[in-house]
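J.: So here's start10.cif (mmCIF, C-alpha atoms).
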data_query
loop_
_atom_site.group_PDB
_atom_site.id
_atom_site.type_symbol
_atom_site.label_atom_id
_atom_site.label_comp_id
_atom_site.auth_asym_id
_atom_site.auth_seq_id
_atom_site.Cartn_x
_atom_site.Cartn_y
_atom_site.Cartn_z
ATOM 1 C CA MET A 1209 0.000 0.000 0.000
ATOM 2 C CA LYS A 1210 2.810 2.397 0.901
ATOM 3 C CA LYS A 1211 4.491 1.784 -2.475
ATOM 4 C CA ILE A 1212 1.222 2.579 -4.279
ATOM 5 C CA VAL A 1213 0.850 5.839 -2.355
ATOM 6 C CA ILE A 1214 4.470 6.844 -3.010
ATOM 7 C CA ASN A 1215 4.230 5.974 -6.712
ATOM 8 C CA THR A 1216 0.974 7.907 -7.017
ATOM 9 C CA ALA A 1217 2.496 10.942 -5.312
ATOM 10 C CA LEU A 1218 5.541 10.805 -7.572
ATOM 11 C CA LEU A 1219 3.316 10.513 -10.632
ATOM 12 C CA LEU A 1220 1.263 13.486 -9.461
ATOM 13 C CA MET A 1221 4.412 15.471 -8.806
ATOM 14 C CA LEU A 1222 5.811 14.644 -12.261
ATOM 15 C CA SER A 1223 2.545 15.399 -14.045
ATOM 16 C CA SER A 1224 2.205 18.596 -12.043
ATOM 17 C CA SER A 1225 5.716 19.638 -13.117
ATOM 18 C CA LEU A 1226 4.964 18.876 -16.759
ATOM 19 C CA MET A 1227 1.642 20.698 -16.613
ATOM 20 C CA ALA A 1228 3.208 23.688 -14.860
ATOM 21 C CA SER A 1229 5.267 24.449 -17.946
ATOM 22 C CA SER A 1230 2.097 24.761 -20.043
ATOM 23 C CA ILE A 1231 0.029 26.702 -17.481
ATOM 24 C CA ASN A 1232 -0.304 30.418 -18.023
ATOM 25 C CA SER A 1233 0.668 32.938 -15.367
ATOM 26 C CA GLU A 1234 -2.943 33.858 -14.619
ATOM 27 C CA GLN A 1235 -3.740 30.293 -13.587
ATOM 28 C CA LYS A 1236 -0.483 29.938 -11.622
ATOM 29 C CA SER A 1237 -1.405 32.980 -9.561
ATOM 30 C CA SER A 1238 -4.909 31.717 -8.749
ATOM 31 C CA THR A 1239 -5.749 30.752 -5.179
ATOM 32 C CA TRP A 1240 -6.908 27.263 -6.237
ATOM 33 C CA TYR A 1241 -3.659 26.491 -8.038
ATOM 34 C CA LYS A 1242 -1.530 27.708 -5.126
ATOM 35 C CA ASP A 1243 -3.637 25.803 -2.567
ATOM 36 C CA ALA A 1244 -3.413 22.585 -4.595
ATOM 37 C CA GLN A 1245 0.357 22.943 -4.946
ATOM 38 C CA ASN A 1246 0.743 23.514 -1.195
ATOM 39 C CA ILE A 1247 -1.382 20.460 -0.379
ATOM 40 C CA LEU A 1248 0.532 18.305 -2.866
ATOM 41 C CA ASN A 1249 3.901 19.459 -1.526
ATOM 42 C CA ALA A 1250 2.805 18.786 2.063
ATOM 43 C CA LYS A 1251 1.641 15.267 1.146
ATOM 44 C CA ILE A 1252 4.900 14.535 -0.667
ATOM 45 C CA LYS A 1253 6.888 15.585 2.413
ATOM 46 C CA THR A 1254 4.703 13.325 4.567
ATOM 47 C CA ILE A 1255 5.158 10.379 2.207
ATOM 48 C CA GLN A 1256 8.956 10.673 2.329
ATOM 49 C CA ASN A 1257 8.890 9.778 6.032
ATOM 50 C CA ASN A 1258 10.989 6.591 6.338
ATOM 51 C CA HIS A 1259 10.014 5.715 9.919
ATOM 52 C CA LYS A 1260 8.184 2.458 10.555
ATOM 53 C CA ALA A 1261 4.627 2.795 11.793
ATOM 54 C CA LYS A 1262 4.104 1.578 15.320
ATOM 55 C CA ASN A 1263 0.328 1.464 14.983
ATOM 56 C CA ILE A 1264 -2.199 1.939 12.202
ATOM 57 C CA ILE A 1265 -5.680 3.351 12.602
ATOM 58 C CA LEU A 1266 -8.008 2.278 9.811
ATOM 59 C CA PHE A 1267 -11.120 4.376 9.208
ATOM 60 C CA ILE A 1268 -13.770 2.694 7.091
ATOM 61 C CA GLY A 1269 -16.607 4.993 6.066
ATOM 62 C CA ASP A 1270 -19.690 2.906 5.354
ATOM 63 C CA GLY A 1271 -21.745 4.534 2.597
ATOM 64 C CA MET A 1272 -19.142 7.221 2.002
ATOM 65 C CA GLY A 1273 -18.737 7.159 -1.750
ATOM 66 C CA VAL A 1274 -17.120 9.985 -3.690
ATOM 67 C CA SER A 1275 -20.444 11.736 -4.402
ATOM 68 C CA THR A 1276 -21.572 11.521 -0.762
ATOM 69 C CA ILE A 1277 -18.282 12.915 0.524
ATOM 70 C CA THR A 1278 -18.375 15.705 -2.072
ATOM 71 C CA ALA A 1279 -21.904 16.664 -1.008
ATOM 72 C CA ALA A 1280 -20.850 16.653 2.665
ATOM 73 C CA ARG A 1281 -17.782 18.771 1.881
ATOM 74 C CA ILE A 1282 -19.883 21.345 0.010
ATOM 75 C CA LEU A 1283 -22.590 21.471 2.705
ATOM 76 C CA ASP A 1284 -20.016 21.873 5.472
ATOM 77 C CA GLY A 1285 -18.333 24.703 3.558
ATOM 78 C CA GLN A 1286 -21.651 26.423 2.883
ATOM 79 C CA ASN A 1287 -22.565 26.147 6.567
ATOM 80 C CA LYS A 1288 -19.299 27.996 7.261
ATOM 81 C CA GLY A 1289 -20.359 30.816 4.898
ATOM 82 C CA HIS A 1290 -18.315 29.797 1.827
ATOM 83 C CA THR A 1291 -19.352 28.434 -1.568
ATOM 84 C CA GLY A 1292 -18.433 24.949 -0.351
ATOM 85 C CA GLU A 1293 -16.186 23.437 -3.007
ATOM 86 C CA GLU A 1294 -13.029 24.885 -1.463
ATOM 87 C CA ASN A 1295 -13.798 23.314 1.918
ATOM 88 C CA SER A 1296 -11.861 20.392 3.377
ATOM 89 C CA LEU A 1297 -13.255 17.810 5.765
ATOM 90 C CA SER A 1298 -11.112 16.600 8.658
ATOM 91 C CA PHE A 1299 -10.219 13.314 6.964
ATOM 92 C CA ASP A 1300 -9.202 15.096 3.741
ATOM 93 C CA LYS A 1301 -6.046 16.035 5.653
ATOM 94 C CA PHE A 1302 -5.038 12.446 6.492
ATOM 95 C CA PRO A 1303 -1.595 11.677 5.019
ATOM 96 C CA TYR A 1304 -2.771 8.398 3.462
ATOM 97 C CA SER A 1305 -6.132 7.497 1.992
ATOM 98 C CA GLY A 1306 -7.584 5.134 -0.537
ATOM 99 C CA LEU A 1307 -10.747 4.088 -2.317
ATOM 100 C CA VAL A 1308 -12.136 0.629 -2.919
ATOM 101 C CA LYS A 1309 -14.790 -0.729 -5.249
ATOM 102 C CA THR A 1310 -17.441 -2.572 -3.306
ATOM 103 C CA TYR A 1311 -19.945 -5.039 -4.670
ATOM 104 C CA ASN A 1312 -21.316 -8.426 -3.728
ATOM 105 C CA THR A 1313 -21.102 -11.608 -5.766
ATOM 106 C CA ASP A 1314 -24.822 -11.480 -6.544
ATOM 107 C CA SER A 1315 -25.530 -7.726 -6.575
ATOM 108 C CA GLN A 1316 -24.035 -4.513 -7.935
ATOM 109 C CA THR A 1317 -25.506 -2.546 -5.035
ATOM 110 C CA ALA A 1318 -23.409 -3.536 -2.070
ATOM 111 C CA ASP A 1319 -24.623 -3.910 1.494
ATOM 112 C CA SER A 1320 -22.589 -3.498 4.670
ATOM 113 C CA ALA A 1321 -22.668 -7.187 5.641
ATOM 114 C CA GLY A 1322 -21.107 -8.425 2.426
ATOM 115 C CA THR A 1323 -18.596 -5.608 2.036
ATOM 116 C CA MET A 1324 -17.317 -5.861 5.614
ATOM 117 C CA THR A 1325 -17.098 -9.633 5.217
ATOM 118 C CA VAL A 1326 -14.672 -9.220 2.315
ATOM 119 C CA MET A 1327 -12.641 -6.681 4.301
ATOM 120 C CA VAL A 1328 -12.142 -9.019 7.265
ATOM 121 C CA THR A 1329 -11.983 -12.382 5.469
ATOM 122 C CA GLY A 1330 -10.693 -11.536 1.998
ATOM 123 C CA VAL A 1331 -13.563 -13.447 0.367
ATOM 124 C CA LYS A 1332 -16.461 -11.792 -1.472
ATOM 125 C CA THR A 1333 -19.900 -13.056 -0.566
ATOM 126 C CA LYS A 1334 -23.578 -12.639 -1.371
ATOM 127 C CA LYS A 1335 -25.641 -9.630 -0.387
ATOM 128 C CA GLY A 1336 -26.843 -9.908 3.227
ATOM 129 C CA VAL A 1337 -24.377 -12.675 4.174
ATOM 130 C CA LEU A 1338 -22.147 -11.928 7.130
ATOM 131 C CA SER A 1339 -18.802 -13.789 7.376
ATOM 132 C CA ILE A 1340 -20.009 -17.164 6.137
#
Would you give me this structure, written as structure tokens?
T.:
Amino acid sequence: MKKIVINTALLLMLSSSLMASSINSEQKSSTWYKDAQNILNAKIKTIQNNHKAKNIILFIGDGMGVSTITAARILDGQNKGHTGEENSLSFDKFPYSGLVKTYNTDSQTADSAGTMTVMVTGVKTKKGVLSI
């Protein structure tokens, strides 16, 4: 997992460097561009940490797909008096994160029983089946 994160960060850094040469000065001076560069640079510095982890805390957000998280991010930002898209949720600042595709063997719409079963056993199962 760590290698995937490092490779992804390096790819982002390389693509960002290549894109920077073709980006005009107006875009480079925009707040969004500067914020994204600062976030990317901070994540790259975090990734280069060579210390071994003593413990790992795994957060699994049930029902937290990309669209749901985006809606929550926008609502939270709007509740703070902003437009919403520029907002960050607390877990957006975690140094490592990932996404998984979830589905059951007999259904495209996953349920929590089957998806958690595959996370703890490594074996996909039918919808509604819990660790069998």
J.: Tell me, as a list in words, which residues lie within 12 Å of Val1308 of chain A, counting only C-alpha atoms; anything in the same chain fewer than 2 positions away does not count.
T.: Ile1268, Gly1269, Asp1270, Gly1271, Met1272, Gly1273, Val1274, Ser1305, Gly1306, Thr1310, Tyr1311, Thr1323, Met1324, Val1326 and Met1327 of chain A
J.: Quote the spacing between atom CA of Ile1264 of chain A and atom CA of Tyr1304 of chain A in Å to one decimal place.
T.: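 We find that atom CA of Ile1264 of chain A and atom CA of Tyr1304 of chain A lie 10.9 Å from each other.
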J.: Separation of atom CA of Gly1292 of chain A and atom CA of Asn1232 of chain A, in Å?
T.: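 Interatomic distance, atom CA of Gly1292 of chain A to atom CA of Asn1232 of chain A: 25.9 Å.
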J.: Report as a list in words all protein, DNA and RNA residues lying within 10 Å of Thr1325 of chain A, evaluated on only C-alpha atoms, omitting residues in the same chain fewer than 5 positions from it.
T.: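 The filter keeps Asn1312, Ser1320, Gly1330, Val1331, Lys1332, Thr1333, Lys1334, Gly1336, Val1337, Leu1338, Ser1339 and Ile1340 of chain A.
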J.: Keeping only C-alpha atoms, write those residues as an mmCIF file, in the frame of the given file.
T.:
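As a result, selection39.cif now contains:
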data_model
loop_
_atom_site.group_PDB
_atom_site.id
_atom_site.type_symbol
_atom_site.label_atom_id
_atom_site.label_comp_id
_atom_site.auth_asym_id
_atom_site.auth_seq_id
_atom_site.Cartn_x
_atom_site.Cartn_y
_atom_site.Cartn_z
ATOM 1 C CA ASN A 1312 -21.316 -8.426 -3.728
ATOM 2 C CA SER A 1320 -22.589 -3.498 4.670
ATOM 3 C CA GLY A 1330 -10.693 -11.536 1.998
ATOM 4 C CA VAL A 1331 -13.563 -13.447 0.367
ATOM 5 C CA LYS A 1332 -16.461 -11.792 -1.472
ATOM 6 C CA THR A 1333 -19.900 -13.056 -0.566
ATOM 7 C CA LYS A 1334 -23.578 -12.639 -1.371
ATOM 8 C CA GLY A 1336 -26.843 -9.908 3.227
ATOM 9 C CA VAL A 1337 -24.377 -12.675 4.174
ATOM 10 C CA LEU A 1338 -22.147 -11.928 7.130
ATOM 11 C CA SER A 1339 -18.802 -13.789 7.376
ATOM 12 C CA ILE A 1340 -20.009 -17.164 6.137
#
J.: Taking into account all atoms listed in the file, which residue in the set A:Thr1313, A:Asn1295, A:Asn1258, A:Asn1287 is nearest to Trp1240 of chain A?
T.: A:Asn1295
J.: Within 10 Å of Lys1301 of chain A, counting only C-alpha atoms, which residues qualify if same-chain residues fewer than 3 places away don't, as a list in words?
T.: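 My list of contacting residues is Ile1247, Ala1250, Lys1251, Ser1296, Leu1297, Ser1298, Tyr1304 and Ser1305 of chain A.
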J.: Record the distance separating atom CA of Ile1277 of chain A and atom CA of Phe1302 of chain A, expressed in Å with one decimal.
T.: 14.5 Å
J.: Hey, what comes out of the PyMOL selection byres ((chain A and resi 1282) around 8) on this file? Could you write it as a count of residues only?
T.: 13
J.: For Phe1267 of chain A, which of A:Asp1319, A:Thr1329, A:Ser1233, A:Phe1299 is the closest residue, counting all atoms listed in the file?
T.: A:Phe1299
J.: Report, as JSON, the centre and edge lengths in Å (one decimal) of the axis-aligned box enclosing every listed atom of segment 1264-1276 of chain A, padded by 6 Å on each side.
T.:
{"center_x": -12.0, "center_y": 6.8, "center_z": 4.1, "size_x": 31.5, "size_y": 21.8, "size_z": 29.0}
